[in-house]
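Shown here: model.cif, mmCIF, C-alpha atoms.
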```
data_start
loop_
_atom_site.label_atom_id
_atom_site.label_comp_id
_atom_site.auth_asym_id
_atom_site.auth_seq_id
_atom_site.Cartn_x
_atom_site.Cartn_y
_atom_site.Cartn_z
CA MET H 66 0.00 0.00 0.00
CA ASN H 67 1.22 3.41 -0.88
CA THR H 68 0.57 5.89 1.87
CA ARG H 69 2.77 8.71 0.60
CA LEU H 70 1.18 9.28 -2.81
CA ALA H 71 -2.11 11.18 -2.97
CA HIS H 72 -4.46 12.00 -5.85
CA PHE H 73 -6.45 15.22 -5.72
CA LEU H 74 -9.58 14.73 -7.79
CA GLY H 75 -11.72 17.67 -8.86
CA GLY H 76 -15.18 16.61 -10.06
CA SER H 77 -18.79 16.14 -9.06
CA ALA H 78 -18.13 13.96 -6.02
CA GLY H 79 -15.98 14.24 -2.94
CA ARG H 80 -15.77 15.09 0.71
CA TRP H 81 -14.80 18.70 0.08
CA GLN H 82 -17.17 21.21 -1.54
CA ILE H 83 -15.26 23.76 -3.56
CA ARG H 84 -16.13 27.33 -2.62
CA GLU H 85 -13.76 29.08 -5.00
CA ILE H 86 -10.99 28.40 -7.48
CA ARG H 87 -8.81 31.44 -7.78
CA LYS H 88 -6.03 32.00 -10.26
CA VAL H 89 -3.15 33.64 -8.45
CA LYS H 90 -0.50 33.45 -11.17
CA GLY H 91 -0.44 31.73 -14.54
CA GLU H 92 -3.12 29.36 -15.77
CA SER H 93 -5.93 28.43 -13.36
CA LEU H 94 -7.65 25.04 -12.90
CA PRO H 95 -11.10 24.34 -14.43
CA TRP H 96 -14.11 24.65 -12.19
CA ALA H 97 -15.30 21.61 -10.23
CA GLU H 98 -17.99 21.25 -7.55
CA ARG H 99 -16.15 18.88 -5.28
CA LEU H 100 -12.73 17.57 -4.42
CA GLU H 101 -11.67 14.20 -3.09
CA ILE H 102 -8.26 13.01 -1.93
CA ALA H 103 -7.74 9.40 -2.92
CA ASP H 104 -4.89 6.91 -2.86
CA SER H 105 -5.62 5.73 -6.39
CA ILE H 106 -7.04 7.14 -9.62
CA PRO H 107 -10.72 6.22 -10.07
CA PHE H 108 -12.24 4.99 -13.30
CA SER H 109 -15.04 7.53 -13.03
CA GLU H 110 -14.68 10.81 -14.81
CA VAL H 111 -13.10 13.78 -13.06
CA ALA H 112 -12.75 17.40 -14.18
CA TRP H 113 -9.07 17.40 -13.29
CA GLN H 114 -6.61 15.49 -11.19
CA LEU H 115 -3.36 16.38 -9.54
CA GLN H 116 -1.00 14.15 -7.67
CA GLY H 117 1.54 14.73 -4.95
CA ILE H 118 3.81 12.70 -2.71
CA ILE H 119 4.72 13.20 0.93
CA SER H 120 8.50 13.31 1.10
CA ASN H 121 11.36 14.19 3.40
CA THR H 122 11.85 17.83 4.33
CA ARG H 123 14.36 19.73 2.22
CA TYR H 124 15.22 22.83 4.27
CA THR H 125 14.03 22.28 7.84
CA THR H 126 16.75 22.19 10.48
CA THR H 127 16.57 20.13 13.68
CA GLU H 128 15.86 23.28 15.71
CA GLU H 129 13.07 24.40 13.36
CA LYS H 130 11.57 20.92 13.37
CA LYS H 131 11.50 21.00 17.17
CA GLN H 132 9.67 24.34 17.15
CA LEU H 133 7.17 23.12 14.55
CA GLU H 134 6.44 19.89 16.38
CA ALA H 135 5.91 21.73 19.66
CA LYS H 136 3.14 23.88 18.12
CA GLN H 137 1.60 22.02 15.20
CA GLU H 138 -1.52 19.88 15.12
CA GLY H 139 -2.47 17.30 12.53
CA LEU H 140 -4.96 17.44 9.71
CA GLY H 141 -8.49 16.17 10.25
CA ARG H 142 -9.41 18.21 13.33
CA SER H 143 -13.19 18.25 13.69
CA ASP H 144 -13.48 22.04 13.74
CA SER H 145 -11.13 22.51 10.78
CA THR H 146 -13.93 22.47 8.24
CA TYR H 147 -12.16 24.79 5.81
CA ALA H 148 -9.40 23.52 3.56
CA VAL H 149 -7.35 25.31 0.93
CA MET H 150 -5.24 23.53 -1.65
CA ILE H 151 -2.49 25.63 -3.24
CA PRO H 152 -0.57 24.05 -6.12
CA ILE H 153 2.48 26.06 -7.19
CA LYS H 154 5.12 25.76 -9.86
CA LYS H 155 8.50 27.36 -9.41
CA SER H 156 10.77 28.60 -12.21
CA GLU H 157 13.65 26.70 -13.76
CA ALA H 158 15.91 29.36 -12.20
CA TRP H 159 14.85 28.14 -8.73
CA TRP H 160 15.70 24.53 -9.52
CA GLN H 161 19.10 25.49 -10.87
CA LEU H 162 20.07 27.11 -7.57
CA ASN H 163 22.33 25.23 -5.18
CA GLN H 164 21.07 23.93 -1.85
CA ASP H 165 22.63 26.77 0.18
CA GLU H 166 21.13 29.37 -2.15
CA ARG H 167 17.63 27.82 -2.00
CA ARG H 168 17.81 27.48 1.77
CA SER H 169 18.90 31.11 2.11
CA ILE H 170 16.01 32.38 -0.02
CA PHE H 171 13.51 30.01 1.64
CA GLU H 172 14.28 30.90 5.24
CA GLU H 173 16.92 33.58 5.83
CA GLN H 174 15.39 35.90 3.18
CA SER H 175 11.76 34.78 3.16
CA SER H 176 11.12 33.34 6.66
CA HIS H 177 9.01 30.57 5.16
CA THR H 178 9.13 28.26 8.19
CA SER H 179 9.05 30.96 10.85
CA LEU H 180 6.08 32.67 9.14
CA GLY H 181 4.13 29.41 9.15
CA LEU H 182 5.11 28.87 12.78
CA ASN H 183 3.33 32.12 13.74
CA TYR H 184 0.04 30.69 12.52
CA LEU H 185 0.30 27.36 14.35
CA PRO H 186 -1.61 25.50 15.55
CA ALA H 187 -4.59 27.29 13.90
CA ILE H 188 -3.44 26.78 10.30
CA ALA H 189 -2.49 23.11 9.86
CA ARG H 190 -0.62 22.22 6.70
CA ARG H 191 0.80 19.32 4.74
CA LEU H 192 3.20 19.57 1.83
CA TYR H 193 3.07 17.25 -1.17
CA HIS H 194 5.88 17.17 -3.72
CA CYS H 195 4.96 16.82 -7.41
CA ARG H 196 7.99 17.79 -9.47
CA ASP H 197 9.81 14.47 -9.34
CA LEU H 198 6.78 12.24 -9.83
CA SER H 199 7.20 12.20 -13.59
CA GLY H 200 9.07 15.23 -14.85
CA ASP H 201 5.87 16.29 -16.63
CA GLU H 202 3.77 17.48 -13.72
CA PRO H 203 1.92 20.80 -14.08
CA PHE H 204 2.94 21.86 -10.54
CA ASP H 205 6.00 21.37 -8.33
CA PHE H 206 4.19 21.35 -4.98
CA ILE H 207 0.72 21.12 -3.53
CA THR H 208 0.20 22.53 -0.06
CA TRP H 209 -2.94 21.50 1.79
CA PHE H 210 -4.13 23.78 4.61
CA GLU H 211 -6.89 23.12 7.14
CA PHE H 212 -8.37 25.57 9.65
CA ALA H 213 -11.61 26.68 11.28
CA PRO H 214 -13.74 29.18 9.28
CA SER H 215 -12.99 31.79 11.95
CA ASP H 216 -9.30 31.51 11.05
CA GLU H 217 -9.69 32.40 7.39
CA THR H 218 -8.56 36.01 7.98
CA PRO H 219 -5.25 34.99 9.60
CA PHE H 220 -4.83 32.45 6.79
CA ASP H 221 -5.24 35.20 4.18
CA ASP H 222 -2.72 37.22 6.13
CA LEU H 223 -0.21 34.35 5.97
CA LEU H 224 -0.65 34.19 2.19
CA VAL H 225 -0.01 37.93 1.85
CA HIS H 226 3.26 37.56 3.74
CA LEU H 227 4.42 34.52 1.79
CA ARG H 228 3.54 36.03 -1.57
CA SER H 229 5.47 39.21 -0.86
CA SER H 230 8.59 37.21 0.01
CA ARG H 231 11.72 36.83 -2.11
CA GLU H 232 10.93 33.12 -2.50
CA TRP H 233 7.73 33.95 -4.37
CA ASP H 234 9.73 35.76 -7.07
CA PHE H 235 10.44 32.20 -8.26
CA VAL H 236 6.79 31.12 -8.36
CA GLU H 237 5.49 31.12 -11.93
CA ARG H 238 2.14 29.40 -11.47
CA GLU H 239 -0.16 29.37 -8.44
CA VAL H 240 -3.82 28.48 -7.93
CA GLU H 241 -5.99 28.59 -4.80
CA VAL H 242 -8.78 26.05 -4.30
CA ARG H 243 -10.92 26.94 -1.26
CA MET H 244 -13.17 24.26 0.17
CA VAL H 245 -15.56 23.43 2.97
CA ARG H 246 -15.92 19.93 4.40
CA MET H 247 -19.29 18.29 3.72
CA ASP H 248 -19.46 15.75 6.53
CA GLY H 249 -18.44 17.72 9.55
CA MET P 147 9.04 15.31 -24.10
CA ASN P 148 10.36 14.17 -20.79
CA THR P 149 14.11 14.49 -20.62
CA ARG P 150 14.50 14.03 -16.86
CA LEU P 151 12.91 10.58 -16.46
CA ALA P 152 14.93 7.53 -17.52
CA HIS P 153 14.09 3.83 -17.66
CA PHE P 154 16.83 1.28 -17.08
CA LEU P 155 15.86 -1.91 -18.87
CA GLY P 156 17.63 -5.19 -18.15
CA GLY P 157 16.99 -7.84 -20.82
CA SER P 158 18.31 -9.41 -23.97
CA ALA P 159 18.83 -6.18 -25.90
CA GLY P 160 20.58 -2.93 -25.28
CA ARG P 161 23.64 -0.85 -25.84
CA TRP P 162 25.36 -2.05 -22.68
CA GLN P 163 26.50 -5.64 -22.21
CA ILE P 164 26.30 -6.66 -18.58
CA ARG P 165 29.56 -8.10 -17.26
CA GLU P 166 28.44 -8.71 -13.70
CA ILE P 167 25.53 -8.13 -11.36
CA ARG P 168 26.79 -8.09 -7.82
CA LYS P 169 24.68 -8.01 -4.68
CA VAL P 170 26.30 -5.63 -2.25
CA LYS P 171 23.58 -5.48 0.42
CA GLY P 172 20.06 -6.89 0.53
CA GLU P 173 18.31 -8.47 -2.44
CA SER P 174 20.11 -8.47 -5.80
CA LEU P 175 18.63 -7.98 -9.29
CA PRO P 176 17.99 -10.95 -11.63
CA TRP P 177 20.55 -11.66 -14.30
CA ALA P 178 20.21 -10.01 -17.71
CA GLU P 179 22.54 -9.98 -20.72
CA ARG P 180 22.07 -6.37 -21.70
CA LEU P 181 20.94 -3.02 -20.42
CA GLU P 182 19.35 -0.14 -22.25
CA ILE P 183 18.50 3.34 -21.01
CA ALA P 184 15.26 4.53 -22.60
CA ASP P 185 12.91 7.45 -22.19
CA SER P 186 9.84 5.23 -22.24
CA ILE P 187 8.88 1.68 -21.25
CA PRO P 188 8.91 -0.66 -24.26
CA PHE P 189 6.22 -3.23 -25.03
CA SER P 190 8.81 -5.94 -25.47
CA GLU P 191 9.67 -8.14 -22.54
CA VAL P 192 12.47 -7.19 -20.16
CA ALA P 193 14.01 -9.11 -17.25
CA TRP P 194 13.65 -6.10 -14.98
CA GLN P 195 13.22 -2.37 -15.16
CA LEU P 196 14.13 0.48 -12.89
CA GLN P 197 13.34 4.13 -13.27
CA GLY P 198 14.95 7.30 -12.04
CA ILE P 199 14.59 11.03 -12.52
CA ILE P 200 17.22 13.72 -12.78
CA SER P 201 16.43 16.30 -10.14
CA ASN P 202 17.88 19.30 -8.36
CA THR P 203 20.84 18.75 -6.05
CA ARG P 204 19.97 18.34 -2.38
CA TYR P 205 23.23 18.96 -0.51
CA THR P 206 25.66 20.63 -2.89
CA THR P 207 26.74 24.14 -1.96
CA THR P 208 27.66 26.85 -4.46
CA GLU P 209 31.36 26.40 -3.64
CA GLU P 210 31.20 22.63 -4.09
CA LYS P 211 29.29 23.02 -7.35
CA LYS P 212 32.00 25.33 -8.64
CA GLN P 213 34.70 22.76 -7.81
CA LEU P 214 32.73 19.95 -9.44
CA GLU P 215 32.03 21.92 -12.60
CA ALA P 216 35.69 22.85 -12.92
CA LYS P 217 36.76 19.19 -12.98
CA GLN P 218 33.89 17.07 -14.23
CA GLU P 219 33.22 15.81 -17.74
CA GLY P 220 29.94 14.59 -19.16
CA LEU P 221 28.70 11.09 -19.86
CA GLY P 222 29.17 9.59 -23.32
CA ARG P 223 32.93 10.09 -23.72
CA SER P 224 34.18 7.81 -26.45
CA ASP P 225 36.81 6.10 -24.28
CA SER P 226 34.42 5.61 -21.34
CA THR P 227 33.36 2.16 -22.47
CA TYR P 228 32.75 0.88 -18.95
CA ALA P 229 29.59 1.83 -17.04
CA VAL P 230 28.43 0.82 -13.60
CA MET P 231 24.88 1.31 -12.37
CA ILE P 232 24.47 1.30 -8.59
CA PRO P 233 20.91 1.42 -7.28
CA ILE P 234 20.68 1.96 -3.51
CA LYS P 235 17.93 2.18 -0.95
CA LYS P 236 18.41 4.06 2.28
CA SER P 237 16.70 3.30 5.57
CA GLU P 238 13.61 5.02 6.92
CA ALA P 239 15.87 6.44 9.66
CA TRP P 240 17.76 8.39 6.97
CA TRP P 241 14.60 9.92 5.56
CA GLN P 242 13.39 10.95 8.99
CA LEU P 243 16.53 13.02 9.57
CA ASN P 244 16.37 16.77 9.17
CA GLN P 245 18.17 18.56 6.35
CA ASP P 246 21.07 19.74 8.55
CA GLU P 247 21.57 16.21 9.91
CA ARG P 248 21.53 14.62 6.45
CA ARG P 249 23.91 17.24 5.08
CA SER P 250 26.28 16.73 8.01
CA ILE P 251 26.38 12.96 7.51
CA PHE P 252 26.62 13.28 3.72
CA GLU P 253 29.52 15.71 3.60
CA GLU P 254 31.05 16.75 6.92
CA GLN P 255 31.11 13.13 8.22
CA SER P 256 31.30 11.14 4.96
CA SER P 257 32.96 13.52 2.44
CA HIS P 258 30.63 12.27 -0.28
CA THR P 259 31.18 15.20 -2.67
CA SER P 260 34.86 15.73 -1.92
CA LEU P 261 35.57 12.00 -2.35
CA GLY P 262 33.91 12.00 -5.76
CA LEU P 263 35.84 15.15 -6.64
CA ASN P 264 39.13 13.27 -6.18
CA TYR P 265 38.17 10.89 -8.97
CA LEU P 266 37.17 13.55 -11.50
CA PRO P 267 37.28 13.77 -14.41
CA ALA P 268 38.09 10.04 -14.81
CA ILE P 269 34.94 8.74 -13.11
CA ALA P 270 31.95 10.56 -14.61
CA ARG P 271 28.65 10.18 -12.78
CA ARG P 272 24.98 11.05 -12.98
CA LEU P 273 22.49 10.71 -10.14
CA TYR P 274 18.88 9.68 -10.69
CA HIS P 275 16.30 9.97 -7.90
CA CYS P 276 13.72 7.19 -7.53
CA ARG P 277 12.15 7.50 -4.09
CA ASP P 278 9.55 10.13 -4.94
CA LEU P 279 8.51 8.70 -8.31
CA SER P 280 5.76 6.64 -6.75
CA GLY P 281 6.40 5.88 -3.11
CA ASP P 282 6.70 2.19 -4.08
CA GLU P 283 10.08 2.16 -5.79
CA PRO P 284 12.53 -0.63 -4.88
CA PHE P 285 15.42 1.84 -4.69
CA ASP P 286 15.86 5.48 -3.63
CA PHE P 287 18.65 6.39 -6.03
CA ILE P 288 20.42 5.10 -9.09
CA THR P 289 23.92 6.36 -9.73
CA TRP P 290 25.35 5.84 -13.21
CA PHE P 291 29.13 5.90 -13.56
CA GLU P 292 31.20 5.92 -16.77
CA PHE P 293 34.96 5.51 -17.10
CA ALA P 294 37.69 3.92 -19.22
CA PRO P 295 38.51 0.26 -18.47
CA SER P 296 41.91 1.38 -17.20
CA ASP P 297 40.14 3.39 -14.49
CA GLU P 298 38.27 0.46 -12.95
CA THR P 299 40.78 0.16 -10.10
CA PRO P 300 40.38 3.78 -8.96
CA PHE P 301 36.62 3.31 -9.34
CA ASP P 302 36.73 0.30 -6.99
CA ASP P 303 38.78 2.39 -4.62
CA LEU P 304 36.10 5.12 -4.63
CA LEU P 305 33.46 2.52 -3.75
CA VAL P 306 35.54 1.22 -0.83
CA HIS P 307 35.79 4.74 0.58
CA LEU P 308 32.09 5.51 0.14
CA ARG P 309 30.97 2.19 1.62
CA SER P 310 33.08 2.65 4.71
CA SER P 311 31.55 6.09 5.35
CA ARG P 312 29.00 6.98 8.02
CA GLU P 313 26.45 7.71 5.26
CA TRP P 314 26.55 4.06 4.18
CA ASP P 315 25.31 2.96 7.63
CA PHE P 316 21.94 4.13 6.28
CA VAL P 317 22.12 2.06 3.08
CA GLU P 318 19.96 -1.04 3.39
CA ARG P 319 20.00 -2.29 -0.19
CA GLU P 320 22.69 -1.92 -2.84
CA VAL P 321 23.39 -3.67 -6.13
CA GLU P 322 26.22 -3.19 -8.64
CA VAL P 323 25.63 -3.71 -12.36
CA ARG P 324 28.89 -3.59 -14.31
CA MET P 325 28.71 -3.12 -18.07
CA VAL P 326 30.73 -2.62 -21.22
CA ARG P 327 29.52 -0.55 -24.16
CA MET P 328 28.81 -2.56 -27.31
CA ASP P 329 29.15 0.10 -29.98
CA GLY P 330 32.32 1.82 -29.01
#
```
Represent the structure from my file as structure tokens, please.
Amino acid sequence: MNTRLAHFLGGSAGRWQIREIRKVKGESLPWAERLEIADSIPFSEVAWQLQGIISNTRYTTTEEKKQLEAKQEGLGRSDSTYAVMIPIKKSEAWWQLNQDERRSIFEEQSSHTSLGLNYLPAIARRLYHCRDLSGDEPFDFITWFEFAPSDETPFDDLLVHLRSSREWDFVEREVEVRMVRMDG
Amino acid sequence: MNTRLAHFLGGSAGRWQIREIRKVKGESLPWAERLEIADSIPFSEVAWQLQGIISNTRYTTTEEKKQLEAKQEGLGRSDSTYAVMIPIKKSEAWWQLNQDERRSIFEEQSSHTSLGLNYLPAIARRLYHCRDLSGDEPFDFITWFEFAPSDETPFDDLLVHLRSSREWDFVEREVEVRMVRMDG
């Protein structure tokens, strides 16, 4: 069984009702009523599908990991009825950078981890990697966020900070899919 | 076209004649006469197939990259008629380490990059990543080496050094496939 690979299926069925699909940069995704996360691709028709894989961290230090683990909570909390999926694609220039350069832009210049830390535990997140699944993926990453509806304003605030960071200069495609859970 | 993803096909046909398949740690690969590297999976039967994707570097610093680029030569040199493919799988403990811990083991404790640098330009290499292709891959990495037959002794020497390093404590499966080019 493959527990790291996830399929994000936009269509007429699914646990998550889509409230909004917003194009942030580059091409958007087609409209769909619902979204389901599945561990395999169904035979039934979907409007679109994305895939991502849970992988090892690439920039997080031991100290940062400790801080994150002390504050973070998991996905699936009963009051976290809002979810937002944000697929992004970074530029070729990003991928050509060396590890020390990417780390410096990610954290020392853009405070990616420490920004997210400020919004814990309210805004739970999970990162899926796409880029190395096939070499032909439309996005490099999918981040999945979950929070209570009352935390949507702080969530928007987090996005404003991230998008004004140096790291986001390397983002060439970004879409926001905002959802509400249907069974909770 | 997908230029990052490669399929390594062991069977009865291919540009590389297999001289030896040696089990280093864990389960080996079945015998095959030939190996071909292809950008898609053929319909014809193969004894086994592995896949790997060329990705961004994960540990290399700007300074190390500069040193590598100053000394390294590409694959496909006419006198590099020997190739060795080494697929390895690392332990779950490795993947649970943080970036600073993995980097420290990889370079500060195991001199992975600086060791390889000593054998440039004679031993050319290319790294393919497998682990995040599906989450079900039998190996995490495939390294492809090319050198002249007269450089097989230094190549063996490089392997001895790498395998005695701290990093190799985390390797739980490793196979060596030694080949000679048939058209050169």
Counting all atoms listed in the file, what is within 6 Å of segment 220-232 of chain P, bar same-chain residues fewer than 4 positions away, as a PyMOL selection string?
-> chain P and resi 288-295+321-327
Give as a PDB file with C-alpha atoms, keeping the file's coordinate frame every residue of chain P that touches chain H within 12 Å, counting all atoms listed in the file.
```pdb
ATOM      1  CA  MET P 147       9.040  15.310 -24.100  1.00  0.00           C
ATOM      2  CA  ASN P 148      10.360  14.170 -20.790  1.00  0.00           C
ATOM      3  CA  THR P 149      14.110  14.490 -20.620  1.00  0.00           C
ATOM      4  CA  ARG P 150      14.500  14.030 -16.860  1.00  0.00           C
ATOM      5  CA  LEU P 151      12.910  10.580 -16.460  1.00  0.00           C
ATOM      6  CA  ALA P 152      14.930   7.530 -17.520  1.00  0.00           C
ATOM      7  CA  HIS P 153      14.090   3.830 -17.660  1.00  0.00           C
ATOM      8  CA  ASP P 185      12.910   7.450 -22.190  1.00  0.00           C
ATOM      9  CA  SER P 186       9.840   5.230 -22.240  1.00  0.00           C
ATOM     10  CA  GLN P 197      13.340   4.130 -13.270  1.00  0.00           C
ATOM     11  CA  GLY P 198      14.950   7.300 -12.040  1.00  0.00           C
ATOM     12  CA  ILE P 199      14.590  11.030 -12.520  1.00  0.00           C
ATOM     13  CA  ILE P 200      17.220  13.720 -12.780  1.00  0.00           C
ATOM     14  CA  SER P 201      16.430  16.300 -10.140  1.00  0.00           C
ATOM     15  CA  ASN P 202      17.880  19.300  -8.360  1.00  0.00           C
ATOM     16  CA  THR P 203      20.840  18.750  -6.050  1.00  0.00           C
ATOM     17  CA  ARG P 204      19.970  18.340  -2.380  1.00  0.00           C
ATOM     18  CA  TYR P 205      23.230  18.960  -0.510  1.00  0.00           C
ATOM     19  CA  THR P 206      25.660  20.630  -2.890  1.00  0.00           C
ATOM     20  CA  THR P 207      26.740  24.140  -1.960  1.00  0.00           C
ATOM     21  CA  THR P 208      27.660  26.850  -4.460  1.00  0.00           C
ATOM     22  CA  GLU P 209      31.360  26.400  -3.640  1.00  0.00           C
ATOM     23  CA  GLU P 210      31.200  22.630  -4.090  1.00  0.00           C
ATOM     24  CA  LYS P 211      29.290  23.020  -7.350  1.00  0.00           C
ATOM     25  CA  LYS P 212      32.000  25.330  -8.640  1.00  0.00           C
ATOM     26  CA  GLU P 238      13.610   5.020   6.920  1.00  0.00           C
ATOM     27  CA  ALA P 239      15.870   6.440   9.660  1.00  0.00           C
ATOM     28  CA  TRP P 240      17.760   8.390   6.970  1.00  0.00           C
ATOM     29  CA  TRP P 241      14.600   9.920   5.560  1.00  0.00           C
ATOM     30  CA  GLN P 242      13.390  10.950   8.990  1.00  0.00           C
ATOM     31  CA  LEU P 243      16.530  13.020   9.570  1.00  0.00           C
ATOM     32  CA  ASN P 244      16.370  16.770   9.170  1.00  0.00           C
ATOM     33  CA  GLN P 245      18.170  18.560   6.350  1.00  0.00           C
ATOM     34  CA  ASP P 246      21.070  19.740   8.550  1.00  0.00           C
ATOM     35  CA  GLU P 247      21.570  16.210   9.910  1.00  0.00           C
ATOM     36  CA  ARG P 248      21.530  14.620   6.450  1.00  0.00           C
ATOM     37  CA  ARG P 249      23.910  17.240   5.080  1.00  0.00           C
ATOM     38  CA  SER P 250      26.280  16.730   8.010  1.00  0.00           C
ATOM     39  CA  TYR P 274      18.880   9.680 -10.690  1.00  0.00           C
ATOM     40  CA  HIS P 275      16.300   9.970  -7.900  1.00  0.00           C
ATOM     41  CA  CYS P 276      13.720   7.190  -7.530  1.00  0.00           C
ATOM     42  CA  ARG P 277      12.150   7.500  -4.090  1.00  0.00           C
ATOM     43  CA  ASP P 278       9.550  10.130  -4.940  1.00  0.00           C
ATOM     44  CA  LEU P 279       8.510   8.700  -8.310  1.00  0.00           C
ATOM     45  CA  SER P 280       5.760   6.640  -6.750  1.00  0.00           C
ATOM     46  CA  GLY P 281       6.400   5.880  -3.110  1.00  0.00           C
ATOM     47  CA  ASP P 282       6.700   2.190  -4.080  1.00  0.00           C
ATOM     48  CA  GLU P 283      10.080   2.160  -5.790  1.00  0.00           C
ATOM     49  CA  ASP P 286      15.860   5.480  -3.630  1.00  0.00           C
TER      50      ASP P 286
END
```
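Atom CA of Glu313 of chain P sits 11.9 Å away from atom CA of Thr259 of chain P.
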Have a look at atom CA of Gly181 of chain H and atom CA of Phe235 of chain H and let me know their distance in Å, one decimal.
->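 So the two atoms, atom CA of Gly181 of chain H and atom CA of Phe235 of chain H, lie 18.7 Å apart.
Straight-line separation from atom CA of Ile269 of chain P to atom CA of Val306 of chain P: 14.4 Å.
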For Phe301 of chain P, list every protein, DNA or RNA residue within 8 Å, evaluated using all atoms listed in the file, and leave out those in the same chain fewer than 3 positions away; present the list as a ChimeraX atom specification.
-> /P:265,269,297-298,304-305
Which residue, H:Asp248, H:Glu110, H:Glu173, H:Asp222, has the smallest gap to Trp81 of chain H when you use only C-alpha atoms?
-> H:Asp248
Quick one: of P:Arg312, P:Ile251, P:Phe285, P:Glu320, who's nearest to Ile167 of chain P, counting only C-alpha atoms?
->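 Smallest distance to Ile167 of chain P is found for P:Glu320.
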Exercise: Asn183 of chain H partners within 12 Å, all atoms listed in the file, chain neighbours under 6 positions left out, as an mmCIF file with C-alpha atoms, keeping the file's coordinate frame:
```cif
data_model
loop_
_atom_site.group_PDB
_atom_site.id
_atom_site.type_symbol
_atom_site.label_atom_id
_atom_site.label_comp_id
_atom_site.auth_asym_id
_atom_site.auth_seq_id
_atom_site.Cartn_x
_atom_site.Cartn_y
_atom_site.Cartn_z
ATOM 1 C CA GLN H 132 9.670 24.340 17.150
ATOM 2 C CA LEU H 133 7.170 23.120 14.550
ATOM 3 C CA LYS H 136 3.140 23.880 18.120
ATOM 4 C CA GLN H 137 1.600 22.020 15.200
ATOM 5 C CA SER H 176 11.120 33.340 6.660
ATOM 6 C CA HIS H 177 9.010 30.570 5.160
ATOM 7 C CA ALA H 189 -2.490 23.110 9.860
ATOM 8 C CA PRO H 219 -5.250 34.990 9.600
ATOM 9 C CA PHE H 220 -4.830 32.450 6.790
ATOM 10 C CA ASP H 222 -2.720 37.220 6.130
ATOM 11 C CA LEU H 223 -0.210 34.350 5.970
ATOM 12 C CA HIS H 226 3.260 37.560 3.740
#
```
Hey, which of H:Phe171, H:Trp96, H:Phe108, H:Trp113 ends up closest to Trp233 of chain H? Count all atoms listed in the file.
->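 Result for the nearest residue to Trp233 of chain H: H:Phe171.
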Between P:Gln195, P:Gln255, P:Ser237, P:Thr299, smallest distance to Pro176 of chain P by all atoms listed in the file belongs to P:Gln195
